[in-house]
>>> print(open('upload.csv').read())   # CSV, C-alpha atoms and all ligand atoms
chain,number,residue,atom,x,y,z
Q,1,MET,CA,133.9,111.3,89.1
Q,2,ALA,CA,135.4,114.4,87.7
Q,3,LYS,CA,136.0,117.7,89.7
Q,4,LYS,CA,133.4,118.8,92.2
Q,5,ASN,CA,130.2,120.2,90.6
Q,6,LYS,CA,131.1,118.9,87.2
Q,7,TRP,CA,128.5,116.2,87.4
Q,8,ILE,CA,125.1,115.9,88.9
Q,9,ALA,CA,123.7,112.5,89.8
Q,10,ASP,CA,120.1,111.2,89.7
Q,11,HIS,CA,120.1,108.7,92.5
Q,12,ILE,CA,118.4,105.6,91.1
Q,13,THR,CA,119.5,103.1,93.8
Q,14,ASP,CA,122.6,102.9,95.9
Q,15,ASN,CA,124.0,100.8,93.1
Q,16,GLU,CA,122.9,102.9,90.2
Q,17,TYR,CA,123.2,106.5,89.3
Q,18,HIS,CA,122.5,108.6,86.2
Q,19,LEU,CA,125.1,111.3,85.7
Q,20,TYR,CA,124.7,114.6,83.8
Q,21,LYS,CA,127.5,116.9,82.9
Q,22,VAL,CA,126.9,120.3,84.7
Q,23,LYS,CA,127.1,123.6,82.9
Q,24,LYS,CA,126.1,125.8,85.8
Q,25,VAL,CA,124.7,125.2,89.3
Q,26,LEU,CA,121.7,127.6,89.6
Q,27,VAL,CA,120.4,126.6,93.0
Q,28,ASP,CA,121.4,124.0,95.6
Q,29,LYS,CA,119.6,124.3,98.8
Q,30,GLU,CA,117.5,122.7,101.5
Q,31,THR,CA,113.9,124.0,101.8
Q,32,ASP,CA,111.5,123.2,104.6
Q,33,TYR,CA,110.4,120.1,102.7
Q,34,GLN,CA,113.1,118.8,100.4
Q,35,HIS,CA,116.6,119.3,99.0
Q,36,VAL,CA,116.2,121.3,95.8
Q,37,LYS,CA,118.8,121.5,93.0
Q,38,PHE,CA,118.3,123.5,89.8
Q,39,ILE,CA,121.1,122.8,87.5
Q,40,GLU,CA,121.9,123.8,83.9
Q,41,THR,CA,123.2,120.7,82.3
Q,42,LYS,CA,125.2,120.3,79.1
Q,43,ASP,CA,122.8,118.1,77.2
Q,44,TYR,CA,119.3,118.6,78.8
Q,45,GLY,CA,119.1,122.3,79.5
Q,46,LYS,CA,117.9,123.3,83.0
Q,47,CYS,CA,116.9,120.4,85.2
Q,48,LEU,CA,115.2,120.2,88.6
Q,49,TYR,CA,116.2,117.6,91.1
Q,50,LEU,CA,114.3,117.1,94.4
Q,51,ASN,CA,115.9,114.9,97.0
Q,52,ASP,CA,118.4,113.7,94.3
Q,53,HIS,CA,115.7,112.6,91.9
Q,54,ILE,CA,115.3,114.3,88.6
Q,55,GLN,CA,111.8,116.0,88.2
Q,56,PHE,CA,112.2,117.5,84.7
Q,57,ALA,CA,114.7,118.5,82.1
Q,58,GLU,CA,113.9,121.5,79.8
Q,59,LYS,CA,114.8,119.5,76.7
Q,60,ASP,CA,112.3,116.7,77.0
Q,61,GLU,CA,109.8,117.7,79.7
Q,62,TYR,CA,107.1,117.9,77.0
Q,63,ILE,CA,107.0,114.1,76.8
Q,64,TYR,CA,106.1,113.7,80.5
Q,65,HIS,CA,103.8,116.6,80.7
Q,66,GLU,CA,101.8,116.0,77.5
Q,67,LEU,CA,101.3,112.4,78.6
Q,68,LEU,CA,100.4,113.3,82.1
Q,69,ILE,CA,97.7,115.7,81.0
Q,70,HIS,CA,96.2,115.1,77.5
Q,71,PRO,CA,95.1,111.4,77.6
Q,72,ALA,CA,93.2,112.2,80.9
Q,73,LEU,CA,91.7,115.5,79.8
Q,74,ILE,CA,90.7,114.2,76.4
Q,75,THR,CA,88.9,111.2,78.1
Q,76,HIS,CA,86.7,113.5,80.0
Q,77,PRO,CA,83.9,114.9,77.6
Q,78,GLU,CA,84.0,118.4,79.2
Q,79,PRO,CA,86.6,119.0,81.9
Q,80,LYS,CA,85.8,122.3,83.5
Q,81,LYS,CA,87.3,122.1,87.0
Q,82,VAL,CA,90.7,120.6,87.5
Q,83,LEU,CA,92.9,120.1,90.6
Q,84,VAL,CA,96.6,119.6,90.4
Q,85,ILE,CA,98.4,118.3,93.5
Q,86,GLY,CA,102.1,118.9,93.3
Q,87,GLY,CA,103.1,120.1,89.9
Q,88,GLY,CA,104.6,123.3,91.3
Q,89,ASP,CA,106.9,123.5,88.3
Q,90,GLY,CA,103.9,124.7,86.3
Q,91,PHE,CA,104.4,122.5,83.2
Q,92,ALA,CA,101.3,120.3,83.9
Q,93,LEU,CA,99.4,123.6,84.3
Q,94,ARG,CA,100.6,124.8,80.9
Q,95,GLU,CA,99.2,121.7,79.3
Q,96,ILE,CA,95.8,121.9,81.2
Q,97,LEU,CA,95.3,125.5,80.1
Q,98,LYS,CA,95.4,124.3,76.4
Q,99,HIS,CA,91.9,122.8,76.9
Q,100,ASN,CA,89.5,125.6,76.4
Q,101,THR,CA,86.8,123.7,78.3
Q,102,VAL,CA,88.7,124.3,81.5
Q,103,LYS,CA,87.3,127.2,83.5
Q,104,GLU,CA,89.1,126.7,86.8
Q,105,VAL,CA,92.4,125.1,87.9
Q,106,ILE,CA,93.6,124.9,91.5
Q,107,VAL,CA,97.2,124.0,92.0
Q,108,VAL,CA,98.2,122.8,95.5
Q,109,ASP,CA,101.9,122.4,96.1
Q,110,ILE,CA,103.6,122.1,99.5
Q,111,ASP,CA,106.8,124.0,98.6
Q,112,MET,CA,106.5,127.7,97.8
Q,113,GLN,CA,110.3,127.8,97.1
Q,114,VAL,CA,109.9,125.3,94.2
Q,115,VAL,CA,107.1,127.3,92.7
Q,116,GLU,CA,109.0,130.6,93.1
Q,117,LEU,CA,112.1,129.0,91.6
Q,118,MET,CA,110.1,127.9,88.5
Q,119,SER,CA,108.4,131.3,88.0
Q,120,GLU,CA,111.2,132.3,85.6
Q,121,LEU,CA,110.1,129.5,83.3
Q,122,ASN,CA,106.4,129.1,84.0
Q,123,GLY,CA,105.3,132.1,86.0
Q,124,LYS,CA,102.9,133.3,83.2
Q,125,TYR,CA,100.7,130.2,83.6
Q,126,PHE,CA,100.1,131.0,87.3
Q,127,GLN,CA,99.0,134.5,86.2
Q,128,ASP,CA,96.1,133.1,84.1
Q,129,LYS,CA,92.8,134.2,85.6
Q,130,ARG,CA,91.5,130.6,85.6
Q,131,VAL,CA,94.3,129.6,88.0
Q,132,LYS,CA,94.4,129.6,91.8
Q,133,MET,CA,97.6,128.6,93.6
Q,134,ILE,CA,97.4,127.2,97.1
Q,135,TYR,CA,100.5,126.4,99.3
Q,136,GLY,CA,100.0,123.4,101.5
Q,137,ASP,CA,99.9,119.6,101.8
Q,138,GLY,CA,97.7,118.2,99.0
Q,139,ARG,CA,96.2,115.5,101.2
Q,140,LYS,CA,95.2,118.0,103.9
Q,141,TYR,CA,93.7,120.3,101.2
Q,142,LEU,CA,91.6,117.4,99.7
Q,143,GLU,CA,90.4,116.2,103.2
Q,144,ASP,CA,89.2,119.7,104.1
Q,145,THR,CA,87.7,121.0,100.8
Q,146,SER,CA,84.1,120.7,99.9
Q,147,GLU,CA,84.9,121.3,96.2
Q,148,ILE,CA,84.2,118.6,93.6
Q,149,TYR,CA,86.5,118.2,90.5
Q,150,ASP,CA,86.2,116.8,87.0
Q,151,VAL,CA,89.8,115.8,86.8
Q,152,ILE,CA,92.4,115.5,89.6
Q,153,VAL,CA,96.1,115.4,88.6
Q,154,LEU,CA,98.7,114.0,91.0
Q,155,ASP,CA,102.0,115.3,89.8
Q,156,LEU,CA,104.0,114.5,92.9
Q,157,SER,CA,107.6,113.9,93.6
Q,158,GLU,CA,108.5,110.2,94.3
Q,159,PRO,CA,107.8,108.8,97.7
Q,160,VAL,CA,111.1,108.8,99.6
Q,161,LYS,CA,111.7,108.1,103.3
Q,162,ASP,CA,110.7,111.2,105.2
Q,163,GLY,CA,109.7,112.9,102.0
Q,164,PRO,CA,106.5,115.1,101.7
Q,165,SER,CA,104.5,112.9,99.2
Q,166,ASN,CA,104.6,109.5,101.0
Q,167,LEU,CA,101.0,109.6,102.2
Q,168,LEU,CA,99.7,110.7,98.7
Q,169,PHE,CA,100.2,107.2,97.1
Q,170,THR,CA,98.1,105.2,99.6
Q,171,LYS,CA,94.7,103.5,99.4
Q,172,GLU,CA,93.3,105.9,102.0
Q,173,PHE,CA,94.4,108.9,100.0
Q,174,TYR,CA,93.0,107.6,96.7
Q,175,ASN,CA,89.7,107.0,98.4
Q,176,ILE,CA,89.6,110.7,99.4
Q,177,VAL,CA,90.5,111.6,95.7
Q,178,LYS,CA,87.6,109.5,94.5
Q,179,LYS,CA,85.2,111.3,96.9
Q,180,LYS,CA,86.2,114.7,95.5
Q,181,LEU,CA,85.6,113.7,91.9
Q,182,SER,CA,82.3,114.3,90.1
Q,183,LYS,CA,80.2,111.2,89.1
Q,184,ILE,CA,82.1,111.0,85.8
Q,185,GLY,CA,85.4,112.3,87.1
Q,186,LEU,CA,88.8,110.8,86.7
Q,187,MET,CA,92.3,111.2,88.1
Q,188,VAL,CA,95.8,110.8,86.6
Q,189,VAL,CA,99.0,110.0,88.5
Q,190,GLN,CA,102.6,109.9,87.7
Q,191,ALA,CA,103.2,106.3,88.7
Q,192,ILE,CA,107.0,105.9,88.8
Q,193,SER,CA,109.1,103.9,86.5
Q,194,PRO,CA,107.9,100.3,85.7
Q,195,ILE,CA,111.6,99.3,85.2
Q,196,HIS,CA,113.8,97.6,87.8
Q,197,PRO,CA,114.3,98.7,90.6
Q,198,TYR,CA,111.0,100.5,90.8
Q,199,ARG,CA,108.7,97.9,89.3
Q,200,LYS,CA,107.2,96.7,92.6
Q,201,ILE,CA,106.3,100.3,93.6
Q,202,HIS,CA,104.7,100.9,90.2
Q,203,ILE,CA,102.7,97.7,90.4
Q,204,ALA,CA,101.7,98.6,94.0
Q,205,ILE,CA,100.4,102.0,92.8
Q,206,TYR,CA,98.4,100.2,90.1
Q,207,ASN,CA,96.9,97.7,92.5
Q,208,THR,CA,96.1,100.4,95.0
Q,209,LEU,CA,94.2,102.4,92.4
Q,210,CYS,CA,92.4,99.2,91.3
Q,211,TYR,CA,91.2,98.7,94.9
Q,212,ILE,CA,89.4,102.1,94.8
Q,213,PHE,CA,88.4,102.8,91.2
Q,214,PRO,CA,86.4,100.7,88.7
Q,215,ILE,CA,88.6,101.6,85.7
Q,216,VAL,CA,92.4,101.9,85.9
Q,217,LYS,CA,94.7,102.1,82.8
Q,218,LEU,CA,98.5,102.2,82.8
Q,219,PHE,CA,100.6,103.9,80.1
Q,220,TYR,CA,104.2,104.6,79.4
Q,221,ALA,CA,106.8,106.8,77.7
Q,222,TYR,CA,110.6,106.7,77.5
Q,223,ILE,CA,112.0,109.9,78.9
Q,224,PRO,CA,115.6,110.4,77.7
Q,225,SER,CA,116.6,112.7,80.6
Q,226,TYR,CA,115.3,110.1,83.1
Q,227,GLY,CA,117.3,107.4,81.3
Q,228,THR,CA,114.3,105.1,81.6
Q,229,GLU,CA,110.7,104.5,80.8
Q,230,TRP,CA,108.1,106.3,83.0
Q,231,GLY,CA,104.7,105.1,84.1
Q,232,PHE,CA,101.4,106.9,84.4
Q,233,ALA,CA,97.9,105.7,85.4
Q,234,ILE,CA,94.4,107.0,84.8
Q,235,ALA,CA,91.8,106.0,87.3
Q,236,SER,CA,88.3,106.7,86.3
Q,237,LYS,CA,84.7,106.4,87.6
Q,238,LYS,CA,83.0,106.1,84.2
Q,239,TYR,CA,85.0,106.7,81.1
Q,240,ASP,CA,87.6,104.3,79.9
Q,241,PRO,CA,90.4,106.1,78.0
Q,242,GLU,CA,90.9,103.0,75.9
Q,243,ASN,CA,87.4,103.1,74.5
Q,244,LEU,CA,87.8,106.6,72.9
Q,245,THR,CA,87.8,106.3,69.1
Q,246,LYS,CA,90.4,108.0,67.0
Q,247,ASP,CA,87.6,110.2,65.5
Q,248,GLU,CA,86.4,111.3,68.9
Q,249,ILE,CA,89.9,112.2,70.1
Q,250,GLU,CA,90.5,114.3,67.0
Q,251,LYS,CA,87.0,115.9,67.3
Q,252,ARG,CA,87.8,116.9,70.9
Q,253,LEU,CA,91.3,118.2,70.1
Q,254,THR,CA,89.8,120.3,67.3
Q,255,LYS,CA,86.8,121.5,69.3
Q,256,ARG,CA,89.2,122.6,72.1
Q,257,TYR,CA,91.5,124.3,69.6
Q,258,ILE,CA,94.5,122.3,70.8
Q,259,LYS,CA,97.4,122.7,68.4
Q,260,GLY,CA,101.1,122.3,68.4
Q,261,LEU,CA,101.5,119.3,70.7
Q,262,LYS,CA,104.8,117.6,70.2
Q,263,TYR,CA,104.2,114.1,71.5
Q,264,TYR,CA,100.5,113.4,72.0
Q,265,TYR,CA,98.1,112.7,69.1
Q,266,SER,CA,95.2,110.4,68.4
Q,267,ASP,CA,97.2,107.5,67.0
Q,268,LEU,CA,99.5,107.6,70.1
Q,269,HIS,CA,96.4,107.5,72.4
Q,270,LYS,CA,95.0,104.5,70.5
Q,271,GLY,CA,98.2,102.5,71.1
Q,272,LEU,CA,99.0,103.8,74.6
Q,273,PHE,CA,97.4,101.2,76.8
Q,274,THR,CA,98.9,98.0,75.6
Q,275,ILE,CA,101.1,96.6,78.4
Q,276,PRO,CA,104.2,94.5,77.6
Q,277,LYS,CA,103.8,90.8,78.5
Q,278,ASP,CA,106.5,90.6,81.2
Q,279,LEU,CA,104.9,93.5,83.1
Q,280,LEU,CA,101.5,91.9,82.8
Q,281,ASN,CA,103.0,88.7,84.3
Q,282,ASP,CA,104.6,90.7,87.2
Q,283,ILE,CA,101.3,92.4,87.8
Q,284,ASN,CA,99.5,89.1,88.0
Q,285,LEU,CA,102.2,87.7,90.4
Q,286,ASN,CA,102.0,90.7,92.8
Q,287,LYS,CA,98.3,91.3,93.1
Q,288,LYS,CA,98.5,91.6,96.9
Q,289,LEU,CA,100.8,94.6,96.9
Q,290,ILE,CA,98.7,97.5,98.2
Q,291,ILE,CA,100.0,100.8,99.6
Q,292,THR,CA,98.4,101.9,102.8
Q,293,ASP,CA,99.0,104.7,105.3
Q,294,LYS,CA,100.4,102.1,107.7
Q,295,LYS,CA,102.6,100.6,105.1
Q,296,PRO,CA,103.8,103.2,102.6
Q,297,LEU,CA,106.4,102.3,100.0
Q,298,PHE,CA,109.5,104.3,99.2
Q,299,VAL,CA,111.7,104.5,96.1
K,1,LIG,N1,107.5,115.8,87.2
K,1,LIG,C1,107.9,115.3,88.5
K,1,LIG,C2,108.4,113.9,88.6
K,1,LIG,O1,108.9,113.4,87.6
K,1,LIG,O2,108.4,113.3,89.6
K,1,LIG,C3,106.9,115.7,89.6
K,1,LIG,C4,106.6,117.2,89.5
K,1,LIG,S1,106.8,118.3,90.7
K,1,LIG,C5,108.2,119.3,90.6
K,1,LIG,C6,106.6,117.5,92.2
K,1,LIG,C7,106.0,118.5,93.2
K,1,LIG,O3,105.3,117.8,94.2
K,1,LIG,C8,107.1,119.4,94.0
K,1,LIG,O4,106.9,120.7,93.6
K,1,LIG,C9,106.8,119.1,95.5
K,1,LIG,O5,106.9,120.3,96.2
K,1,LIG,C10,105.3,118.6,95.4
K,1,LIG,N2,104.8,117.9,96.5
K,1,LIG,C11,105.4,116.9,97.2
K,1,LIG,N3,104.7,116.4,98.2
K,1,LIG,C12,103.6,117.2,98.2
K,1,LIG,C13,102.4,117.2,99.0
K,1,LIG,N4,102.3,116.4,100.1
K,1,LIG,N5,101.4,118.1,98.8
K,1,LIG,C14,101.6,119.0,97.7
K,1,LIG,N6,102.7,119.0,96.9
K,1,LIG,C15,103.6,118.1,97.2
>>> encode(input="upload.csv", output="structure tokens")
Amino acid sequence: MAKKNKWIADHITDNEYHLYKVKKVLVDKETDYQHVKFIETKDYGKCLYLNDHIQFAEKDEYIYHELLIHPALITHPEPKKVLVIGGGDGFALREILKHNTVKEVIVVDIDMQVVELMSELNGKYFQDKRVKMIYGDGRKYLEDTSEIYDVIVLDLSEPVKDGPSNLLFTKEFYNIVKKKLSKIGLMVVQAISPIHPYRKIHIAIYNTLCYIFPIVKLFYAYIPSYGTEWGFAIASKKYDPENLTKDEIEKRLTKRYIKGLKYYYSDLHKGLFTIPKDLLNDINLNKKLIITDKKPLFV
């Protein structure tokens, strides 16, 4: 590696790293919950790394965040009340606020220092009068609240040993999420990469969701700054995202005055839920992989 601070690494495994050339180190510190690095890179603009895993890059974050939010929100006929757990960077919030049906968004992030760091980029979305920010553990919040949501978004950092999100990928937690959704509610989760070496964790997230919800659909996008494909899952009580017609998607986008999206549109939605054959085979071979509080999985 070149001189100190010239490169920043996304730790994929002990045998594999993704290196980015650094323009400027903006922040490099330990918070109460995680190691935070905010780095201006040569090719991807400003990037956030938590515990050495990239969270977003300015240049292509729209791919991840449009996919995390729009397929789920469009599937709900009238999402009014939305909860985001994690997502302290504010990008998921930016996309949610584009749906004019949404009257209330609660964001629960454990780490105030991440949210404050991101305020330069996304502070304005947290100022929207529909938004309420709560600092704390997302699981504890859901266990204690009596509120019911139309859509719950889990935009969490990857589960890493001793990390803050480990118990938010488990069967017990997804059961709490289900209870806090309305009768026609749905949730969406960033479900880690489906590519080696994360495939088993990705499949385990899918199986665990299937254990709790009647409808679960996986979908994917290649994110250049991650250097790999990324997985998402919608888990729903009533509406299947795959059953929406192209006409209905376009009608909802128009009715909600959603314009200027860079990645998501009706044709993309229609092709989104087809899973490659090798992944389908691996899902079938690993049906017993379930994540529980007693047996969490780590990347
Ligand atoms: N886009 C990202 C990715 O690719 O992984 C995830 C978005 S985001 C920056 C992840 C957020 O989850 C962080 O701000 C972190 O503080 C938050 N988080 C982790 N564990 C949490 C927990 N138990 N409760 C609430 N927020 C949590």
>>> residues_around(input="upload.csv", residues="stretch 132-148 of chain Q", least_positions_apart="4", cutoff="6 Å", atoms="all atoms listed in the file", output="MDAnalysis selection string")
chainID Q and resid 85 106:110 180:182
>>> closest_atom_pairs(input="upload.csv", of="stretch 196-221 of chain Q", to="stretch 247-269 of chain Q", cutoff="12 Å", atoms="only C-alpha atoms", output="CSV")
residue,atom,partner,partner_atom,distance
Q:Lys217,CA,Q:His269,CA,11.8
Q:Leu218,CA,Q:His269,CA,11.9
Q:Phe219,CA,Q:His269,CA,9.5
Q:Tyr220,CA,Q:Leu268,CA,10.8
Q:Ala221,CA,Q:Tyr263,CA,9.9
>>> closest_residue(input="upload.csv", among="Q:Cys210, Q:Leu67, Q:Ile290, Q:Leu19", to="ligand LIG 1 (chain K)", atoms="all atoms listed in the file")
Q:Leu67
>>> residues_near_ligand(input="upload.csv", ligand="ligand LIG 1 (chain K)", cutoff="6 Å", atoms="only C-alpha atoms and all ligand atoms", output="list in words")
Gln55, Phe56, Ile85, Gly86, Gly87, Gly88, Asp89, Val108, Asp109, Ile110, Asp111, Val114, Asp137, Gly138, Asp155, Leu156, Ser157, Glu158, Pro164 and Ser165 of chain Q
>>> closest_residue(input="upload.csv", among="Q:Val188, Q:Ile201, Q:Leu83, Q:Met118", to="Q:Asp150", atoms="all atoms listed in the file")
Q:Leu83
>>> closest_residue(input="upload.csv", among="Q:Asp52, Q:Ile195, Q:Ala204, Q:Ile212", to="Q:Glu30", atoms="only C-alpha atoms")
Q:Asp52
>>> closest_residue(input="upload.csv", among="Q:Leu279, Q:Val160, Q:Ile8, Q:Ile215", to="Q:Tyr44", atoms="only C-alpha atoms")
Q:Ile8
>>> atom_distance(input="upload.csv", atom1="atom CA of Q:Met112", atom2="atom CA of Q:Thr31")
9.2 Å
>>> closest_residue(input="upload.csv", among="Q:Pro71, Q:Pro214, Q:Gly227, Q:Pro194", to="Q:Glu242", atoms="only C-alpha atoms")
Q:Pro71
>>> closest_residue(input="upload.csv", among="Q:Tyr64, Q:Arg130, Q:Asn243, Q:Glu16", to="Q:Glu229", atoms="only C-alpha atoms")
Q:Tyr64
>>> atom_distance(input="upload.csv", atom1="atom CA of Q:Tyr226", atom2="atom CA of Q:Lys171")
27.1 Å
>>> atom_distance(input="upload.csv", atom1="atom CA of Q:Leu209", atom2="atom CA of Q:Lys178")
9.9 Å
>>> decode(input="upload.csv", residues="stretch 112-122 of chain Q", atoms="all heavy atoms", output="compact mmCIF listing (two decimals), in the first residue's frame")
# COMPACT_ATOMS: atom_id res chain seq x y z
N MET Q 112 -25.83 9.37 17.59
CA MET Q 112 -26.04 10.80 17.32
C MET Q 112 -24.87 11.39 16.54
O MET Q 112 -25.05 12.28 15.70
CB MET Q 112 -26.18 11.52 18.66
CG MET Q 112 -26.55 12.97 18.54
SD MET Q 112 -26.58 13.80 20.12
CE MET Q 112 -28.14 13.33 20.78
N GLN Q 113 -23.68 10.86 16.76
CA GLN Q 113 -22.50 11.44 16.10
C GLN Q 113 -22.51 11.21 14.59
O GLN Q 113 -22.03 12.03 13.83
CB GLN Q 113 -21.23 10.89 16.73
CG GLN Q 113 -21.09 11.35 18.17
CD GLN Q 113 -19.70 11.11 18.71
OE1 GLN Q 113 -18.72 11.56 18.14
NE2 GLN Q 113 -19.62 10.41 19.81
N VAL Q 114 -23.11 10.07 14.16
CA VAL Q 114 -23.23 9.82 12.71
C VAL Q 114 -24.23 10.82 12.13
O VAL Q 114 -23.98 11.46 11.09
CB VAL Q 114 -23.69 8.37 12.41
CG1 VAL Q 114 -23.99 8.20 10.93
CG2 VAL Q 114 -22.63 7.36 12.84
N VAL Q 115 -25.36 11.00 12.79
CA VAL Q 115 -26.39 11.90 12.28
C VAL Q 115 -25.85 13.33 12.20
O VAL Q 115 -26.05 14.03 11.20
CB VAL Q 115 -27.66 11.83 13.17
CG1 VAL Q 115 -28.73 12.78 12.65
CG2 VAL Q 115 -28.19 10.40 13.24
N GLU Q 116 -25.13 13.74 13.25
CA GLU Q 116 -24.58 15.10 13.24
C GLU Q 116 -23.54 15.29 12.14
O GLU Q 116 -23.50 16.32 11.48
CB GLU Q 116 -23.99 15.43 14.61
CG GLU Q 116 -25.12 15.76 15.59
CD GLU Q 116 -24.65 15.96 17.02
OE1 GLU Q 116 -23.46 15.76 17.30
OE2 GLU Q 116 -25.51 16.29 17.85
N LEU Q 117 -22.76 14.27 11.92
CA LEU Q 117 -21.74 14.32 10.87
C LEU Q 117 -22.39 14.50 9.49
O LEU Q 117 -21.88 15.19 8.62
CB LEU Q 117 -20.93 13.01 10.92
CG LEU Q 117 -19.77 12.84 9.96
CD1 LEU Q 117 -18.71 13.90 10.24
CD2 LEU Q 117 -19.17 11.45 10.13
N MET Q 118 -23.55 13.87 9.31
CA MET Q 118 -24.22 13.89 8.01
C MET Q 118 -25.07 15.14 7.80
O MET Q 118 -25.63 15.35 6.74
CB MET Q 118 -25.12 12.66 7.87
CG MET Q 118 -24.37 11.37 7.72
SD MET Q 118 -23.27 11.44 6.30
CE MET Q 118 -21.73 11.36 7.11
N SER Q 119 -25.18 15.97 8.87
CA SER Q 119 -26.11 17.09 8.76
C SER Q 119 -25.68 18.07 7.66
O SER Q 119 -26.51 18.73 7.04
CB SER Q 119 -26.30 17.79 10.10
OG SER Q 119 -25.08 18.31 10.49
N GLU Q 120 -24.39 18.12 7.40
CA GLU Q 120 -23.88 18.99 6.32
C GLU Q 120 -24.52 18.57 4.98
O GLU Q 120 -24.89 19.40 4.16
CB GLU Q 120 -22.36 18.84 6.30
CG GLU Q 120 -21.67 19.37 5.09
CD GLU Q 120 -20.34 18.64 4.83
OE1 GLU Q 120 -19.68 18.17 5.78
OE2 GLU Q 120 -19.98 18.54 3.63
N LEU Q 121 -24.66 17.26 4.76
CA LEU Q 121 -25.22 16.77 3.50
C LEU Q 121 -26.75 16.74 3.54
O LEU Q 121 -27.42 17.11 2.57
CB LEU Q 121 -24.73 15.35 3.19
CG LEU Q 121 -23.27 15.16 2.78
CD1 LEU Q 121 -22.98 13.68 2.58
CD2 LEU Q 121 -22.97 15.90 1.48
N ASN Q 122 -27.31 16.25 4.65
CA ASN Q 122 -28.74 15.92 4.65
C ASN Q 122 -29.55 16.55 5.78
O ASN Q 122 -30.70 16.16 5.99
CB ASN Q 122 -28.90 14.40 4.71
CG ASN Q 122 -28.52 13.78 3.38
OD1 ASN Q 122 -28.65 14.41 2.34
ND2 ASN Q 122 -28.02 12.56 3.42
